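The data block below is entry06.cif; it holds mmCIF, C-alpha atoms.
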data_upload
loop_
_atom_site.label_atom_id
_atom_site.label_comp_id
_atom_site.auth_asym_id
_atom_site.auth_seq_id
_atom_site.Cartn_x
_atom_site.Cartn_y
_atom_site.Cartn_z
CA MET A 1 158.55 161.35 56.99
CA ASN A 2 154.78 160.84 56.73
CA ALA A 3 153.05 158.94 53.92
CA THR A 4 151.94 162.08 52.06
CA ASN A 5 155.44 163.54 52.06
CA THR A 6 156.96 160.23 50.91
CA THR A 7 154.48 160.02 48.03
CA GLU A 8 155.25 163.61 47.02
CA LEU A 9 159.00 162.98 47.25
CA MET A 10 158.86 159.84 45.08
CA ASN A 11 156.59 161.49 42.50
CA THR A 12 159.05 164.39 42.29
CA LEU A 13 162.01 162.03 41.86
CA GLY A 14 160.05 160.07 39.25
CA SER A 15 159.05 163.08 37.15
CA GLN A 16 162.59 164.48 37.33
CA ALA A 17 164.05 161.14 36.24
CA LYS A 18 161.59 160.91 33.34
CA ALA A 19 162.57 164.37 32.13
CA ALA A 20 166.29 163.61 32.53
CA SER A 21 165.94 160.30 30.65
CA ALA A 22 164.92 162.14 27.48
CA LEU A 23 168.11 164.22 27.64
CA MET A 24 170.27 161.19 28.44
CA ALA A 25 168.86 159.23 25.52
CA LYS A 26 170.13 161.81 23.04
CA ALA A 27 173.44 162.55 24.79
CA SER A 28 176.49 162.04 22.58
CA ALA A 29 179.02 159.29 23.23
CA ALA A 30 181.66 161.97 23.92
CA THR A 31 179.50 163.65 26.56
CA LYS A 32 178.85 160.39 28.38
CA LEU A 33 182.55 159.54 28.16
CA LYS A 34 183.41 162.90 29.76
CA ALA A 35 181.00 162.23 32.63
CA LEU A 36 182.42 158.75 33.28
CA ARG A 37 186.04 159.87 33.21
CA GLY A 38 185.16 162.83 35.41
CA LEU A 39 183.49 160.53 37.91
CA ALA A 40 186.59 158.29 38.01
CA SER A 41 188.75 161.34 38.77
CA LEU A 42 186.39 162.57 41.47
CA LEU A 43 186.36 159.17 43.17
CA ARG A 44 190.16 159.08 43.32
CA ALA A 45 190.33 162.68 44.55
CA ASN A 46 187.85 162.08 47.37
CA VAL A 47 189.02 158.82 48.96
CA ASP A 48 189.52 160.44 52.39
CA THR A 49 186.12 162.15 52.35
CA LEU A 50 184.38 158.96 51.24
CA GLN A 51 186.07 156.95 53.97
CA THR A 52 185.08 159.54 56.59
CA GLU A 53 181.42 159.20 55.55
CA ASN A 54 181.73 155.40 55.30
CA ALA A 55 183.12 155.29 58.86
CA LYS A 56 179.80 156.73 60.14
CA ASP A 57 177.92 153.88 58.48
CA LEU A 58 180.35 151.25 59.78
CA GLU A 59 180.07 152.62 63.32
CA ARG A 60 176.26 152.49 63.19
CA ALA A 61 176.33 149.01 61.69
CA SER A 62 178.59 147.65 64.44
CA ALA A 63 176.48 149.30 67.13
CA ALA A 64 173.34 147.78 65.61
CA GLY A 65 174.92 144.31 65.67
CA LEU A 66 174.93 143.73 61.91
CA SER A 67 176.42 140.40 60.89
CA GLU A 68 180.06 140.23 59.81
CA PRO A 69 179.23 139.55 56.11
CA MET A 70 176.91 142.60 56.09
CA VAL A 71 179.56 144.85 57.66
CA ASP A 72 182.13 143.52 55.19
CA ARG A 73 179.87 144.48 52.27
CA LEU A 74 179.50 147.97 53.74
CA LYS A 75 183.22 148.86 53.65
CA LEU A 76 184.47 151.50 51.20
CA THR A 77 188.17 150.67 51.28
CA PRO A 78 190.63 152.48 48.98
CA LYS A 79 190.74 149.28 46.92
CA VAL A 80 186.93 149.25 46.54
CA ILE A 81 186.95 152.92 45.52
CA GLU A 82 189.74 152.29 42.99
CA THR A 83 187.78 149.36 41.52
CA CYS A 84 184.77 151.68 41.12
CA ALA A 85 186.97 154.26 39.34
CA GLU A 86 188.43 151.58 37.07
CA GLY A 87 184.91 150.38 36.28
CA CYS A 88 183.97 153.90 35.17
CA GLU A 89 187.06 154.05 32.94
CA GLN A 90 186.41 150.59 31.52
CA LEU A 91 182.89 151.67 30.61
CA ALA A 92 184.18 154.92 29.11
CA ALA A 93 186.59 152.97 26.90
CA MET A 94 183.88 150.68 25.56
CA ALA A 95 182.12 151.43 22.29
CA ASP A 96 178.81 153.26 22.66
CA ILE A 97 176.08 150.86 21.53
CA ILE A 98 173.18 153.33 21.72
CA GLY A 99 171.83 153.95 18.24
CA ASP A 100 173.52 150.90 16.71
CA ILE A 101 171.40 149.24 14.02
CA SER A 102 171.77 145.49 13.63
CA GLY A 103 170.35 142.87 11.30
CA LEU A 104 169.43 145.35 8.57
CA LYS A 105 167.99 143.38 5.66
CA GLN A 106 166.29 144.20 2.38
CA MET A 107 162.71 142.95 2.03
CA PRO A 108 160.97 142.03 -1.27
CA SER A 109 158.84 145.17 -0.92
CA GLY A 110 161.99 147.34 -1.12
CA ILE A 111 162.03 148.45 2.51
CA ARG A 112 165.03 147.70 4.73
CA VAL A 113 164.26 146.46 8.26
CA GLY A 114 166.63 146.36 11.23
CA GLN A 115 166.76 146.82 14.99
CA MET A 116 168.17 149.83 16.83
CA ARG A 117 169.67 149.66 20.32
CA VAL A 118 167.97 152.22 22.60
CA PRO A 119 167.98 153.04 26.33
CA ILE A 120 165.26 151.51 28.51
CA GLY A 121 164.44 154.93 30.01
CA VAL A 122 164.33 155.02 33.81
CA PHE A 123 165.35 152.20 36.10
CA GLY A 124 164.93 151.98 39.83
CA MET A 125 167.65 150.26 41.82
CA ILE A 126 167.03 148.92 45.32
CA TYR A 127 170.04 147.49 47.11
CA GLU A 128 171.45 146.67 50.51
CA SER A 129 174.81 147.24 52.18
CA ARG A 130 177.29 147.64 49.32
CA PRO A 131 177.77 151.39 48.69
CA ASN A 132 179.92 150.62 45.63
CA VAL A 133 176.67 149.60 43.91
CA THR A 134 175.81 153.33 43.85
CA ILE A 135 178.73 153.91 41.46
CA GLU A 136 178.15 150.73 39.45
CA ALA A 137 174.50 151.66 38.90
CA ALA A 138 175.24 155.32 38.17
CA SER A 139 178.05 154.61 35.71
CA LEU A 140 176.04 151.99 33.84
CA SER A 141 173.08 154.35 33.74
CA ILE A 142 175.25 157.08 32.20
CA LYS A 143 176.84 154.74 29.63
CA SER A 144 173.49 153.26 28.58
CA GLY A 145 171.81 156.67 28.24
CA ASN A 146 169.28 156.02 30.98
CA ALA A 147 168.20 157.86 34.11
CA CYS A 148 168.00 156.05 37.42
CA ILE A 149 166.58 156.36 40.92
CA LEU A 150 168.76 154.66 43.52
CA ARG A 151 167.54 153.45 46.89
CA GLY A 152 170.43 152.09 48.95
CA GLY A 153 170.14 150.43 52.32
CA SER A 154 169.61 152.64 55.37
CA GLU A 155 172.84 151.18 56.81
CA ALA A 156 174.86 152.85 54.01
CA ILE A 157 173.05 156.19 53.82
CA ASP A 158 176.07 158.45 54.54
CA SER A 159 178.34 156.60 52.10
CA ASN A 160 175.68 156.63 49.40
CA ARG A 161 174.95 160.35 49.80
CA ALA A 162 178.65 161.16 49.43
CA LEU A 163 178.98 158.96 46.34
CA ALA A 164 175.77 160.28 44.73
CA ALA A 165 176.99 163.86 45.23
CA LEU A 166 180.14 163.04 43.23
CA VAL A 167 178.04 161.45 40.48
CA GLN A 168 175.87 164.53 40.13
CA GLN A 169 178.99 166.73 40.12
CA ALA A 170 180.40 164.68 37.23
CA LEU A 171 177.11 164.82 35.31
CA VAL A 172 176.81 168.59 35.58
CA ALA A 173 180.48 169.09 34.64
CA ALA A 174 179.84 167.11 31.45
CA GLY A 175 176.71 169.12 30.59
CA LEU A 176 174.25 166.38 31.57
CA PRO A 177 171.28 166.75 33.94
CA ALA A 178 172.02 166.16 37.62
CA ASP A 179 168.64 164.44 37.90
CA ALA A 180 169.86 161.63 35.62
CA VAL A 181 171.08 159.89 38.79
CA GLN A 182 169.06 160.51 41.94
CA LEU A 183 169.46 158.92 45.34
CA VAL A 184 166.32 158.51 47.44
CA PRO A 185 167.28 160.77 50.37
CA THR A 186 165.09 159.07 53.00
CA THR A 187 165.53 155.74 54.80
CA ASP A 188 161.72 155.43 55.08
CA ARG A 189 160.76 151.93 53.87
CA ALA A 190 157.58 153.36 52.33
CA ALA A 191 159.77 154.94 49.63
CA VAL A 192 160.53 151.45 48.27
CA GLY A 193 156.83 150.66 48.05
CA GLN A 194 156.33 153.85 46.05
CA LEU A 195 159.30 153.30 43.74
CA ILE A 196 158.19 149.83 42.65
CA THR A 197 154.64 150.92 41.87
CA MET A 198 155.30 153.94 39.59
CA PRO A 199 155.03 152.57 36.03
CA GLN A 200 154.31 156.10 34.82
CA TYR A 201 157.92 157.01 35.67
CA VAL A 202 159.92 153.80 36.11
CA ASP A 203 160.47 151.26 33.32
CA VAL A 204 162.25 148.49 35.25
CA ILE A 205 163.21 147.73 38.86
CA ILE A 206 166.48 146.01 39.77
CA PRO A 207 166.66 144.72 43.35
CA ARG A 208 170.04 143.65 44.70
CA GLY A 209 170.24 142.22 48.18
CA GLY A 210 168.97 139.44 50.40
CA LYS A 211 166.38 136.90 49.34
CA GLY A 212 163.70 138.49 51.54
CA LEU A 213 164.10 141.90 49.88
CA ILE A 214 163.99 140.46 46.37
CA GLU A 215 160.98 138.23 47.08
CA ARG A 216 159.07 141.19 48.50
CA ILE A 217 159.86 143.43 45.55
CA SER A 218 159.03 140.72 43.00
CA ALA A 219 155.66 140.15 44.67
CA GLU A 220 154.68 143.81 45.05
CA ALA A 221 156.18 145.54 41.99
CA LYS A 222 153.92 146.94 39.27
CA VAL A 223 156.82 147.34 36.85
CA PRO A 224 159.09 144.61 35.41
CA VAL A 225 161.83 143.29 37.72
CA ILE A 226 165.33 142.03 36.80
CA LYS A 227 166.41 139.77 39.65
CA HIS A 228 168.12 136.78 41.17
CA LEU A 229 166.98 135.43 44.52
CA ASP A 230 170.12 133.66 45.72
CA GLY A 231 173.44 132.22 44.65
CA ASN A 232 173.69 128.51 45.40
CA CYS A 233 176.68 127.99 43.08
CA HIS A 234 178.29 124.61 42.41
CA THR A 235 181.76 123.45 41.50
CA TYR A 236 181.85 119.93 40.04
CA VAL A 237 185.18 118.06 40.08
CA ASP A 238 185.01 115.63 37.17
CA ASP A 239 186.67 112.31 36.42
CA PRO A 240 189.08 112.88 34.68
CA CYS A 241 190.54 116.18 35.92
CA ASP A 242 193.81 117.84 36.82
CA ILE A 243 193.73 117.31 40.60
CA ALA A 244 196.16 120.12 41.43
CA MET A 245 194.18 122.59 39.32
CA ALA A 246 190.88 121.36 40.80
CA VAL A 247 192.18 121.91 44.34
CA LYS A 248 193.37 125.43 43.49
CA VAL A 249 190.07 126.41 41.82
CA ALA A 250 187.79 124.79 44.42
CA ASP A 251 189.73 126.62 47.15
CA ASN A 252 189.39 130.01 45.41
CA ALA A 253 185.73 129.47 44.51
CA LYS A 254 184.84 128.98 48.17
CA THR A 255 187.38 130.91 50.27
CA GLN A 256 188.52 133.94 48.23
CA LYS A 257 185.52 135.75 49.76
CA TYR A 258 182.57 134.17 51.54
CA SER A 259 179.93 136.89 51.26
CA PRO A 260 179.35 137.30 47.48
CA CYS A 261 176.58 135.50 45.63
CA ASN A 262 179.08 133.89 43.21
CA ALA A 263 181.03 132.03 45.91
CA THR A 264 180.73 128.24 45.58
CA GLU A 265 178.36 126.82 48.18
CA SER A 266 178.28 123.19 47.02
CA LEU A 267 181.12 120.91 45.90
CA LEU A 268 180.31 117.87 43.77
CA VAL A 269 183.05 115.29 43.27
CA ALA A 270 183.11 112.39 40.83
CA ARG A 271 183.56 109.06 42.64
CA GLY A 272 186.60 108.17 40.53
CA VAL A 273 188.68 111.10 41.86
CA ALA A 274 187.17 111.52 45.33
CA ALA A 275 189.80 109.51 47.22
CA ASP A 276 192.58 111.64 45.68
CA PHE A 277 190.86 115.05 45.61
CA LEU A 278 188.86 115.26 48.85
CA PRO A 279 191.73 114.82 51.36
CA LYS A 280 193.65 117.61 49.58
CA ILE A 281 190.80 120.14 49.46
CA GLY A 282 189.64 118.99 52.92
CA ALA A 283 193.03 119.90 54.41
CA ILE A 284 192.83 123.41 52.89
CA TYR A 285 189.25 123.96 54.07
CA ALA A 286 190.19 122.65 57.53
CA ALA A 287 193.12 125.10 57.75
CA LYS A 288 190.81 127.97 56.79
CA GLY A 289 188.04 126.99 59.22
CA VAL A 290 185.51 125.95 56.58
CA GLU A 291 182.81 123.58 57.84
CA MET A 292 182.13 120.71 55.41
CA ARG A 293 178.65 119.19 55.35
CA GLY A 294 178.90 115.97 53.42
CA CYS A 295 177.02 112.96 52.14
CA PRO A 296 177.96 109.74 54.02
CA GLU A 297 180.58 108.81 51.41
CA ALA A 298 182.23 112.25 51.49
CA MET A 299 182.13 112.31 55.30
CA ALA A 300 183.98 109.00 55.48
CA ILE A 301 186.89 110.49 53.50
CA LEU A 302 186.86 113.99 55.01
CA SER A 303 186.63 112.78 58.62
CA ALA A 304 190.15 111.37 58.26
CA VAL A 305 191.55 114.83 57.50
CA PRO A 306 193.32 116.27 60.60
CA GLY A 307 191.38 119.20 62.07
CA ALA A 308 188.48 118.89 59.61
CA ASN A 309 185.11 120.22 60.76
CA VAL A 310 182.77 117.71 59.17
CA ALA A 311 179.03 117.23 59.64
CA ALA A 312 176.28 115.25 57.91
CA ALA A 313 174.51 117.18 55.17
CA SER A 314 170.74 117.50 55.38
CA GLU A 315 168.46 117.73 52.35
CA GLN A 316 168.28 121.50 52.93
CA ASP A 317 172.07 121.80 52.64
CA TRP A 318 171.95 120.96 48.92
CA SER A 319 169.87 124.12 48.32
CA GLU A 320 171.56 126.42 50.83
CA GLU A 321 173.32 129.72 50.14
CA TYR A 322 175.59 130.00 53.18
CA LEU A 323 177.50 133.26 52.52
CA ALA A 324 179.81 131.89 55.21
CA PRO A 325 182.72 129.43 55.68
CA VAL A 326 180.43 126.42 55.15
CA ILE A 327 180.24 124.18 52.08
CA SER A 328 178.17 121.12 51.19
CA VAL A 329 180.07 118.20 49.66
CA LYS A 330 178.57 115.33 47.67
CA ILE A 331 180.15 112.44 45.79
CA VAL A 332 178.40 111.67 42.49
CA ASP A 333 178.78 108.92 39.89
CA GLY A 334 179.93 111.32 37.18
CA VAL A 335 178.86 114.13 34.86
CA ASP A 336 175.26 112.86 34.39
CA GLU A 337 174.50 112.86 38.11
CA ALA A 338 176.33 116.17 38.58
CA ILE A 339 174.23 117.92 35.92
CA ALA A 340 170.99 116.42 37.29
CA HIS A 341 171.88 117.48 40.86
CA ILE A 342 172.78 121.03 39.79
CA ASN A 343 169.63 121.50 37.75
CA ARG A 344 167.54 120.31 40.70
CA TYR A 345 169.20 122.19 43.56
CA SER A 346 171.06 125.20 42.13
CA SER A 347 169.65 128.71 42.01
CA HIS A 348 170.64 128.90 38.31
CA HIS A 349 173.25 131.56 39.06
CA THR A 350 176.74 130.13 38.33
CA ASP A 351 178.04 126.57 38.10
CA ALA A 352 181.46 125.23 37.08
CA ILE A 353 183.02 121.96 35.93
CA LEU A 354 186.69 121.14 36.47
CA THR A 355 187.64 118.54 33.87
CA THR A 356 190.13 117.41 31.25
CA ASP A 357 187.40 115.72 29.17
CA HIS A 358 186.31 117.99 26.30
CA MET A 359 183.02 116.16 25.73
CA HIS A 360 182.10 116.37 29.43
CA ALA A 361 182.86 120.10 29.35
CA GLN A 362 180.66 120.63 26.27
CA ARG A 363 177.78 118.66 27.79
CA PHE A 364 178.04 120.66 31.03
CA LEU A 365 177.96 123.96 29.11
CA ARG A 366 174.91 122.89 27.09
CA GLU A 367 172.88 121.11 29.75
CA VAL A 368 173.38 123.07 32.99
CA ASP A 369 170.50 125.54 33.18
CA SER A 370 172.27 128.50 34.78
CA ALA A 371 172.98 132.13 33.90
CA SER A 372 176.76 131.56 33.90
CA VAL A 373 178.36 128.16 33.22
CA MET A 374 182.12 127.69 33.48
CA VAL A 375 184.82 125.22 32.54
CA ASN A 376 188.03 125.04 34.62
CA ALA A 377 187.50 128.42 36.31
CA SER A 378 186.37 129.72 39.70
CA THR A 379 182.71 130.67 40.08
CA ARG A 380 183.99 133.93 41.61
CA PHE A 381 184.55 135.19 38.04
CA ALA A 382 180.76 135.56 37.54
CA ASP A 383 180.90 139.31 37.77
CA GLY A 384 180.31 142.17 35.34
CA PHE A 385 183.76 143.69 35.94
CA GLU A 386 185.50 140.33 35.39
CA PHE A 387 183.38 139.65 32.29
CA GLY A 388 184.52 142.94 30.77
CA LEU A 389 181.16 144.69 31.11
CA GLY A 390 182.79 147.62 32.93
CA ALA A 391 180.46 147.14 35.85
CA GLU A 392 177.30 145.24 36.57
CA ILE A 393 173.95 146.37 37.84
CA GLY A 394 173.30 142.92 39.25
CA ILE A 395 172.95 139.33 38.13
CA SER A 396 169.77 138.01 36.57
CA THR A 397 168.66 134.40 36.77
CA ASP A 398 165.52 135.20 34.81
CA LYS A 399 165.42 134.01 31.20
CA PHE A 400 163.78 137.00 29.55
CA HIS A 401 165.48 140.25 28.54
CA ALA A 402 168.69 139.89 30.57
CA ARG A 403 170.47 136.84 32.00
CA GLY A 404 173.70 136.63 33.99
CA PRO A 405 175.67 139.78 34.91
CA VAL A 406 173.64 142.75 33.66
CA GLY A 407 175.80 145.42 32.04
CA VAL A 408 175.08 148.06 29.41
CA ASP A 409 173.29 145.65 27.05
CA GLY A 410 170.91 144.60 29.80
CA LEU A 411 169.87 148.23 30.35
CA THR A 412 168.88 148.71 26.74
CA SER A 413 166.11 147.56 24.47
CA LEU A 414 165.69 147.09 20.74
CA LYS A 415 163.20 148.84 18.51
CA TYR A 416 162.52 148.06 14.87
CA VAL A 417 163.54 150.65 12.32
CA VAL A 418 162.34 150.67 8.73
CA LEU A 419 164.19 152.51 5.96
CA GLY A 420 162.27 153.18 2.78
CA GLU A 421 162.25 155.26 -0.38
CA GLY A 422 158.56 155.86 -0.79
CA GLU A 423 157.41 152.22 -0.74
CA VAL A 424 153.71 151.56 -0.09
CA ARG A 425 152.07 148.28 0.78
CA GLY A 426 150.15 146.65 -2.03
#

Once more with this new file: its structure as structure tokens, please.
Amino acid sequence: MNATNTTELMNTLGSQAKAASALMAKASAATKLKALRGLASLLRANVDTLQTENAKDLERASAAGLSEPMVDRLKLTPKVIETCAEGCEQLAAMADIIGDISGLKQMPSGIRVGQMRVPIGVFGMIYESRPNVTIEAASLSIKSGNACILRGGSEAIDSNRALAALVQQALVAAGLPADAVQLVPTTDRAAVGQLITMPQYVDVIIPRGGKGLIERISAEAKVPVIKHLDGNCHTYVDDPCDIAMAVKVADNAKTQKYSPCNATESLLVARGVAADFLPKIGAIYAAKGVEMRGCPEAMAILSAVPGANVAAASEQDWSEEYLAPVISVKIVDGVDEAIAHINRYSSHHTDAILTTDHMHAQRFLREVDSASVMVNASTRFADGFEFGLGAEIGISTDKFHARGPVGVDGLTSLKYVVLGEGEVRG
């Protein structure tokens, strides 16, 4: 596709989305509910078709030599499809917040002032690999009364087309405009450049993918961006803690799945429990083939674990997002050093403390500067579905507008409303 055609295509998608957004903003809660439930039904009824289309993408990805984590993210298994359907139903069951007025208060002048929750308008979503993001973005767009333009990765084009067709079918069946959710039909990279520079049509851009993609979009976009660059998540094992629980959680946080951005990449251990904790977790990591890159003190303990793959950590390791069976391990004095280390090296995504000390837990919650902070739980829970948001459009490590998993709230804005009975300003 040449540059002129790409520009025309993106302008068409933009103007259609803008028109659809006005209809979505005034859609009733019942209509949106019908679309979401219809989409869940269509997903379950089309598992075989979706897997057939997904197989084309997987075959191309393997032939192109895509890395194992990338291929893993590309898979549309029956379980993934069912999770998408459940996400639609969870969203459908949630209260509709559009039009809610909060904080209404009477002023001395007689007017009442409050804030109304309203859709943002049109968002553009740019993402790699995971085709399930197509459904997460579409369902959140429907629930929040927005329109969206979706640009998935070229490696998932067949899967995304099949999913987007089901979304549009559900929209039309519910009496909503098909153009409320549009998939960019071309794999031409120029389409991304167009999408992020159309403030006349697009109100916010949400990139979801590798650091390179997000850095490029953040640098070139002419509309606001909701983003996180990477997920260097920490689990800190405190003194005191329940060792058995800490081993269970630290294992899950790292090994339940290596590719997501909420997997723990760095393990901090208080010196007082290191001799007890590290051999136990080291044995589990060794059995699962996880490489441990440690500080000298941690290496001395872990090297004694049979079969352990242990190496010296470099300065870069403390900042690294591996997305692989590799974890950095550091022994710290206690909660003060743990918090300082996390605030220096983390990507402000998700960090957890495993402790039996209430005051340490409270300090960690207050002082760790991350979008999600956890006590005695796996970092893998940092997810819109797990947080009860129905689905997430992504995770934001920015501090303005939306932070953490971005669900329906993060796709809305507030406007002031004033209710009067003829008052005039003196």

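For the residues A:Ile205, A:Val408, A:Leu74, A:Leu323, ranking by smallest atom-to-atom distance to A:Val223 using only C-alpha atoms places A:Ile205 first.
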
Under the PyMOL selection byres ((chain A and resi 371-384) around 9), which residues of this model are included? Write them out as a PyMOL selection string. chain A and resi 233-235+245-246+249-254+256-257+260-264+348-356+361-362+364-366+368-370+385-399+403-407

Produce a file of the selected residues containing C-alpha atoms, as a short mmCIF file (atom, residue, chain, number, x, y, z; two decimals), keeping the file's coordinate frame.
data_model
loop_
_atom_site.label_atom_id
_atom_site.label_comp_id
_atom_site.auth_asym_id
_atom_site.auth_seq_id
_atom_site.Cartn_x
_atom_site.Cartn_y
_atom_site.Cartn_z
CA CYS A 233 176.68 127.99 43.08
CA HIS A 234 178.29 124.61 42.41
CA THR A 235 181.76 123.45 41.50
CA MET A 245 194.18 122.59 39.32
CA ALA A 246 190.88 121.36 40.80
CA VAL A 249 190.07 126.41 41.82
CA ALA A 250 187.79 124.79 44.42
CA ASP A 251 189.73 126.62 47.15
CA ASN A 252 189.39 130.01 45.41
CA ALA A 253 185.73 129.47 44.51
CA LYS A 254 184.84 128.98 48.17
CA GLN A 256 188.52 133.94 48.23
CA LYS A 257 185.52 135.75 49.76
CA PRO A 260 179.35 137.30 47.48
CA CYS A 261 176.58 135.50 45.63
CA ASN A 262 179.08 133.89 43.21
CA ALA A 263 181.03 132.03 45.91
CA THR A 264 180.73 128.24 45.58
CA HIS A 348 170.64 128.90 38.31
CA HIS A 349 173.25 131.56 39.06
CA THR A 350 176.74 130.13 38.33
CA ASP A 351 178.04 126.57 38.10
CA ALA A 352 181.46 125.23 37.08
CA ILE A 353 183.02 121.96 35.93
CA LEU A 354 186.69 121.14 36.47
CA THR A 355 187.64 118.54 33.87
CA THR A 356 190.13 117.41 31.25
CA ALA A 361 182.86 120.10 29.35
CA GLN A 362 180.66 120.63 26.27
CA PHE A 364 178.04 120.66 31.03
CA LEU A 365 177.96 123.96 29.11
CA ARG A 366 174.91 122.89 27.09
CA VAL A 368 173.38 123.07 32.99
CA ASP A 369 170.50 125.54 33.18
CA SER A 370 172.27 128.50 34.78
CA PHE A 385 183.76 143.69 35.94
CA GLU A 386 185.50 140.33 35.39
CA PHE A 387 183.38 139.65 32.29
CA GLY A 388 184.52 142.94 30.77
CA LEU A 389 181.16 144.69 31.11
CA GLY A 390 182.79 147.62 32.93
CA ALA A 391 180.46 147.14 35.85
CA GLU A 392 177.30 145.24 36.57
CA ILE A 393 173.95 146.37 37.84
CA GLY A 394 173.30 142.92 39.25
CA ILE A 395 172.95 139.33 38.13
CA SER A 396 169.77 138.01 36.57
CA THR A 397 168.66 134.40 36.77
CA ASP A 398 165.52 135.20 34.81
CA LYS A 399 165.42 134.01 31.20
CA ARG A 403 170.47 136.84 32.00
CA GLY A 404 173.70 136.63 33.99
CA PRO A 405 175.67 139.78 34.91
CA VAL A 406 173.64 142.75 33.66
CA GLY A 407 175.80 145.42 32.04
#

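Residues selected in this file by the PyMOL selection byres ((chain A and resi 220) around 8) comprise A:Gly193, A:Ile196, A:Thr197, A:Arg216, A:Ile217, A:Ser218, A:Ala219, A:Ala221, A:Lys222.
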
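Our summary of the geometry notes that atom CA of A:Ser154 is positioned 11.0 Å from atom CA of A:Arg130.
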
Give me the residues within 9 Å of A:Val118 as a compact mmCIF listing (two decimals) with C-alpha atoms, in the frame of the given file, counting all atoms listed in the file and dropping any in the same chain fewer than 5 places off.
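Just written: selection.txt:
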# COMPACT_ATOMS: atom_id res chain seq x y z
CA ALA A 25 168.86 159.23 25.52
CA ILE A 97 176.08 150.86 21.53
CA ILE A 98 173.18 153.33 21.72
CA GLY A 99 171.83 153.95 18.24
CA ASP A 100 173.52 150.90 16.71
CA SER A 144 173.49 153.26 28.58
CA GLY A 145 171.81 156.67 28.24
CA LEU A 411 169.87 148.23 30.35
CA THR A 412 168.88 148.71 26.74
CA SER A 413 166.11 147.56 24.47
CA LEU A 414 165.69 147.09 20.74
CA LYS A 415 163.20 148.84 18.51

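Here the PyMOL selection byres ((chain A and resi 324) around 9) matches the residues Pro69, Lys257, Tyr258, Ser259, Glu265, Val290, Glu321, Tyr322, Leu323, Pro325, Val326 and Ile327 of chain A.
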
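With all atoms listed in the file as the atoms that count, the residue of A:Asn132, A:Asp409, A:Met359, A:Leu195 with the shortest distance to A:Ala95 is A:Asp409.
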
Within 7 Å of A:Asp203, counting all atoms listed in the file, which residues show up once you throw out same-chain ones fewer than 5 positions away? Write them as a compact mmCIF listing (two decimals) with C-alpha atoms, keeping the file's coordinate frame, please.
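Below you can see selection-v7.txt, which holds the result:
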# COMPACT_ATOMS: atom_id res chain seq x y z
CA ILE A 120 165.26 151.51 28.51
CA GLY A 121 164.44 154.93 30.01
CA VAL A 122 164.33 155.02 33.81
CA PHE A 123 165.35 152.20 36.10
CA VAL A 223 156.82 147.34 36.85

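Using only C-alpha atoms for every distance, the candidate list A:Arg37, A:Lys56, A:Val181, A:Met116 yields A:Val181 as the residue closest to A:Gln16.
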
Could you model N, CA, C and O atoms for stretch 415-423 of chain A and present them as a PDB file, in the coordinates of the input?
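part.pdb was written with the following content:
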ATOM      1  N   LYS A 415     164.428 148.474  19.224  1.00  0.00           N
ATOM      2  CA  LYS A 415     163.200 148.840  18.510  1.00  0.00           C
ATOM      3  C   LYS A 415     163.450 148.623  17.018  1.00  0.00           C
ATOM      4  O   LYS A 415     164.577 148.753  16.529  1.00  0.00           O
ATOM      5  N   TYR A 416     162.403 148.256  16.312  1.00  0.00           N
ATOM      6  CA  TYR A 416     162.520 148.060  14.870  1.00  0.00           C
ATOM      7  C   TYR A 416     162.601 149.400  14.161  1.00  0.00           C
ATOM      8  O   TYR A 416     161.892 150.353  14.513  1.00  0.00           O
ATOM      9  N   VAL A 417     163.482 149.471  13.184  1.00  0.00           N
ATOM     10  CA  VAL A 417     163.540 150.650  12.320  1.00  0.00           C
ATOM     11  C   VAL A 417     163.351 150.193  10.883  1.00  0.00           C
ATOM     12  O   VAL A 417     163.819 149.118  10.490  1.00  0.00           O
ATOM     13  N   VAL A 418     162.631 150.988  10.127  1.00  0.00           N
ATOM     14  CA  VAL A 418     162.340 150.670   8.730  1.00  0.00           C
ATOM     15  C   VAL A 418     162.842 151.823   7.862  1.00  0.00           C
ATOM     16  O   VAL A 418     162.520 152.998   8.126  1.00  0.00           O
ATOM     17  N   LEU A 419     163.655 151.511   6.872  1.00  0.00           N
ATOM     18  CA  LEU A 419     164.190 152.510   5.960  1.00  0.00           C
ATOM     19  C   LEU A 419     163.588 152.291   4.585  1.00  0.00           C
ATOM     20  O   LEU A 419     163.689 151.209   4.009  1.00  0.00           O
ATOM     21  N   GLY A 420     162.937 153.321   4.073  1.00  0.00           N
ATOM     22  CA  GLY A 420     162.270 153.180   2.780  1.00  0.00           C
ATOM     23  C   GLY A 420     162.584 154.333   1.840  1.00  0.00           C
ATOM     24  O   GLY A 420     163.248 155.311   2.227  1.00  0.00           O
ATOM     25  N   GLU A 421     162.098 154.205   0.632  1.00  0.00           N
ATOM     26  CA  GLU A 421     162.250 155.260  -0.380  1.00  0.00           C
ATOM     27  C   GLU A 421     160.917 155.491  -1.076  1.00  0.00           C
ATOM     28  O   GLU A 421     160.833 155.509  -2.308  1.00  0.00           O
ATOM     29  N   GLY A 422     159.878 155.603  -0.227  1.00  0.00           N
ATOM     30  CA  GLY A 422     158.560 155.860  -0.790  1.00  0.00           C
ATOM     31  C   GLY A 422     157.724 154.619  -1.014  1.00  0.00           C
ATOM     32  O   GLY A 422     156.667 154.694  -1.657  1.00  0.00           O
ATOM     33  N   GLU A 423     158.175 153.458  -0.514  1.00  0.00           N
ATOM     34  CA  GLU A 423     157.410 152.220  -0.740  1.00  0.00           C
ATOM     35  C   GLU A 423     156.039 152.287  -0.043  1.00  0.00           C
ATOM     36  O   GLU A 423     155.903 152.866   1.024  1.00  0.00           O
TER      37      GLU A 423
END
